[in-house]
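Chemist: Pasting in a structure now, in structure tokens, and then I'll have a few things to ask.
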Amino acid sequence: MIIQTIEENRALIKSSIDRLRAEADKHVTEYWDVWKERNRVEILIPREGRVFKNTYLGSFAPKITMIGNAKKITIHWHQYRPYKNQPPSFMSVRVMPKKSGKYTKSCFENHAHWEWEMIEKTEKILSPYREVLEHYHEMYIQLGSILRQFTNK
């Protein structure tokens, strides 16, 4: 009975994680759509002199990733930027949050003048998903440990 209850709870948590990921993915896709369109508009605006693209084009966007063997779902911000010399083997660099795990304006150095408003709005939407996913993953792993203890006896 105990083993069956643990397995049912793990399955329920897993389905909740999948639903949360799908919902967060919708918000990330919405951000990307608006972000790409804004960058297209910024490219078409005539600029005076030698203004570098990195001063007016956006470069920050959220990304949902899966980490490790436990397939932990996380939501982080990444900086996407062009590289002239020695491009990295990956397309983006993860933006590190503060020690508290929160993202603030200081985390997004050299953002475009219009970009912070979008980041702030989207972060308010995504941060609860990030926190709940973290708790669900912890519960899922703890239940897995308990399940292994009971099945190894």
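Ordered as shown in the structure tokens, chains take letters A, B, and onward, while each chain numbers its residues from 1 and ligands are numbered from 1 in the order shown.
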Just list the residues in segment 20-126 of chain A DSSP gives strand (DSSP E) on the backbone, as JSON, numbers by chain.

Modeler: {"A": [60, 61, 62, 63, 64, 65, 66, 67, 72, 73, 74, 75, 76, 77, 78, 79, 80, 92, 93, 94]}

Chemist: Go ahead and dump the residues you just picked, C-alpha atoms, as a CSV table (one decimal), in the first residue's frame.

Modeler:
```csv
chain,number,residue,atom,x,y,z
A,60,PHE,CA,17.8,38.8,-23.4
A,61,ALA,CA,15.2,36.1,-23.5
A,62,PRO,CA,13.9,33.4,-21.1
A,63,LYS,CA,14.6,29.8,-21.9
A,64,ILE,CA,13.2,26.6,-20.4
A,65,THR,CA,15.9,23.9,-20.0
A,66,MET,CA,16.1,20.4,-18.7
A,67,ILE,CA,19.0,19.6,-16.4
A,72,LYS,CA,14.8,18.9,-13.8
A,73,ILE,CA,12.9,21.6,-15.7
A,74,THR,CA,14.2,25.2,-15.0
A,75,ILE,CA,13.5,28.6,-16.4
A,76,HIS,CA,16.4,31.0,-16.8
A,77,TRP,CA,17.2,34.1,-18.7
A,78,HIS,CA,19.8,33.9,-21.4
A,79,GLN,CA,21.7,36.5,-23.4
A,80,TYR,CA,21.7,36.0,-27.1
A,92,SER,CA,23.5,31.9,-25.6
A,93,VAL,CA,25.0,32.7,-22.3
A,94,ARG,CA,22.9,32.1,-19.1
```

Chemist: Could you pull out the alpha helix (DSSP H) residues of chain A from DSSP and send them as a PyMOL selection string?

Modeler: chain A and resi 2-44+115-151

Chemist: For His137 of chain A, work out the shell of residues within 12 Å, counting only C-alpha atoms and skipping chain neighbours fewer than 5 positions away, then give it as a list in words.

Modeler: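 Listed by chain and then number, they are Arg10, Leu12, Ile13, Lys14, Ser15, Ser16, Ile17, Asp18, Leu20, Met66, Ile67, Ala70, Lys71, Lys72, Ile73, Thr74, Arg130, Glu131, Val132, Gln142, Leu143 and Gly144 of chain A.
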
Chemist: Any chance you could export the current selection's N, CA and C atoms as a compact mmCIF listing (two decimals), in the first residue's frame?

Modeler:
```txt
# COMPACT_ATOMS: atom_id res chain seq x y z
N ARG A 10 4.15 10.33 -7.00
CA ARG A 10 5.21 10.71 -7.95
C ARG A 10 4.63 10.94 -9.34
N LEU A 12 1.59 11.90 -10.01
CA LEU A 12 0.82 13.13 -9.93
C LEU A 12 1.75 14.36 -9.99
N ILE A 13 2.85 14.29 -9.27
CA ILE A 13 3.81 15.40 -9.29
C ILE A 13 4.40 15.56 -10.69
N LYS A 14 4.74 14.44 -11.32
CA LYS A 14 5.31 14.48 -12.67
C LYS A 14 4.33 15.13 -13.66
N SER A 15 3.06 14.77 -13.57
CA SER A 15 2.07 15.37 -14.47
C SER A 15 1.89 16.86 -14.17
N SER A 16 1.99 17.24 -12.90
CA SER A 16 1.91 18.66 -12.54
C SER A 16 3.09 19.43 -13.10
N ILE A 17 4.28 18.84 -13.03
CA ILE A 17 5.48 19.47 -13.61
C ILE A 17 5.30 19.66 -15.11
N ASP A 18 4.78 18.65 -15.78
CA ASP A 18 4.56 18.74 -17.23
C ASP A 18 3.56 19.83 -17.58
N LEU A 20 2.86 22.53 -15.73
CA LEU A 20 3.49 23.81 -15.46
C LEU A 20 4.47 24.20 -16.56
N MET A 66 16.16 21.58 -19.50
CA MET A 66 16.10 20.36 -18.71
C MET A 66 17.53 20.04 -18.25
N ILE A 67 17.69 19.80 -16.96
CA ILE A 67 19.02 19.60 -16.39
C ILE A 67 19.16 18.18 -15.85
N ALA A 70 17.87 13.64 -13.75
CA ALA A 70 16.55 13.79 -13.14
C ALA A 70 15.60 14.57 -14.04
N LYS A 71 16.15 15.13 -15.12
CA LYS A 71 15.37 15.92 -16.08
C LYS A 71 14.61 17.05 -15.39
N LYS A 72 15.35 17.78 -14.57
CA LYS A 72 14.79 18.91 -13.84
C LYS A 72 14.52 20.05 -14.81
N ILE A 73 13.30 20.55 -14.79
CA ILE A 73 12.88 21.65 -15.65
C ILE A 73 13.19 22.97 -14.94
N THR A 74 13.92 23.85 -15.60
CA THR A 74 14.23 25.15 -15.03
C THR A 74 13.93 26.24 -16.05
N ARG A 130 8.89 29.16 -11.80
CA ARG A 130 10.23 28.70 -11.43
C ARG A 130 10.25 28.17 -10.00
N GLU A 131 9.62 28.91 -9.08
CA GLU A 131 9.60 28.52 -7.67
C GLU A 131 8.81 27.22 -7.45
N VAL A 132 7.65 27.12 -8.06
CA VAL A 132 6.82 25.92 -7.89
C VAL A 132 7.49 24.71 -8.53
N GLN A 142 12.61 13.41 -3.42
CA GLN A 142 12.46 12.85 -2.07
C GLN A 142 11.59 11.60 -2.08
N LEU A 143 10.50 11.64 -2.82
CA LEU A 143 9.64 10.46 -2.91
C LEU A 143 10.37 9.31 -3.60
N GLY A 144 11.21 9.61 -4.58
CA GLY A 144 12.00 8.58 -5.24
C GLY A 144 12.97 7.92 -4.28
```

Chemist: Got a sec: who's within 10 Å of Tyr31 of chain A, counting only C-alpha atoms, leaving out chain neighbours fewer than 6 positions off, as a ChimeraX atom specification?

Modeler: /A:25,37,61-62,118-119,121-122

Chemist: For Asn9 of chain A, which residue out of A:Trp114, A:Ser145, A:Met139, A:Met91 is the nearest one, using only C-alpha atoms?

Modeler: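 Comparing A:Trp114, A:Ser145, A:Met139, A:Met91 against Asn9 of chain A, the winner is A:Met139.
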
Chemist: Work out how far apart atom CA of Glu123 of chain A and atom CA of Trp32 of chain A are and give it in Å to one decimal.

Modeler: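 Going from atom CA of Glu123 of chain A over to atom CA of Trp32 of chain A covers 13.2 Å.
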
Chemist: Got a sec: who's within 7 Å of segment 100-113 of chain A, counting only C-alpha atoms, leaving out chain neighbours fewer than 6 positions off, as a ChimeraX atom specification?

Modeler: /A:55-59

Chemist: Those same residues - N, CA, C and O atoms - I'd like them written as a compact mmCIF listing (two decimals), in the first residue's frame.

Modeler:
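Final output, saved to out_34.txt:
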```
# COMPACT_ATOMS: atom_id res chain seq x y z
N THR A 55 23.50 48.35 -29.05
CA THR A 55 22.94 49.40 -28.20
C THR A 55 21.43 49.53 -28.34
O THR A 55 20.78 50.06 -27.45
N TYR A 56 20.86 49.07 -29.44
CA TYR A 56 19.42 49.20 -29.62
C TYR A 56 18.68 47.89 -29.88
O TYR A 56 17.46 47.86 -29.83
N LEU A 57 19.40 46.81 -30.13
CA LEU A 57 18.74 45.51 -30.30
C LEU A 57 18.69 44.75 -28.98
O LEU A 57 19.64 44.77 -28.21
N GLY A 58 17.58 44.07 -28.76
CA GLY A 58 17.44 43.27 -27.55
C GLY A 58 18.28 42.02 -27.62
O GLY A 58 18.52 41.48 -28.70
N SER A 59 18.73 41.55 -26.46
CA SER A 59 19.56 40.35 -26.45
C SER A 59 19.19 39.37 -25.34
O SER A 59 19.80 38.32 -25.23
```

Chemist: Name the closest residue to Leu126 of chain A among the candidates A:Asn69, A:Thr29, A:Gln4, A:Asn152; distances are taken between atoms, counting only C-alpha atoms.

Modeler: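 Residue with the minimum atom-to-atom distance to Leu126 of chain A: A:Thr29.
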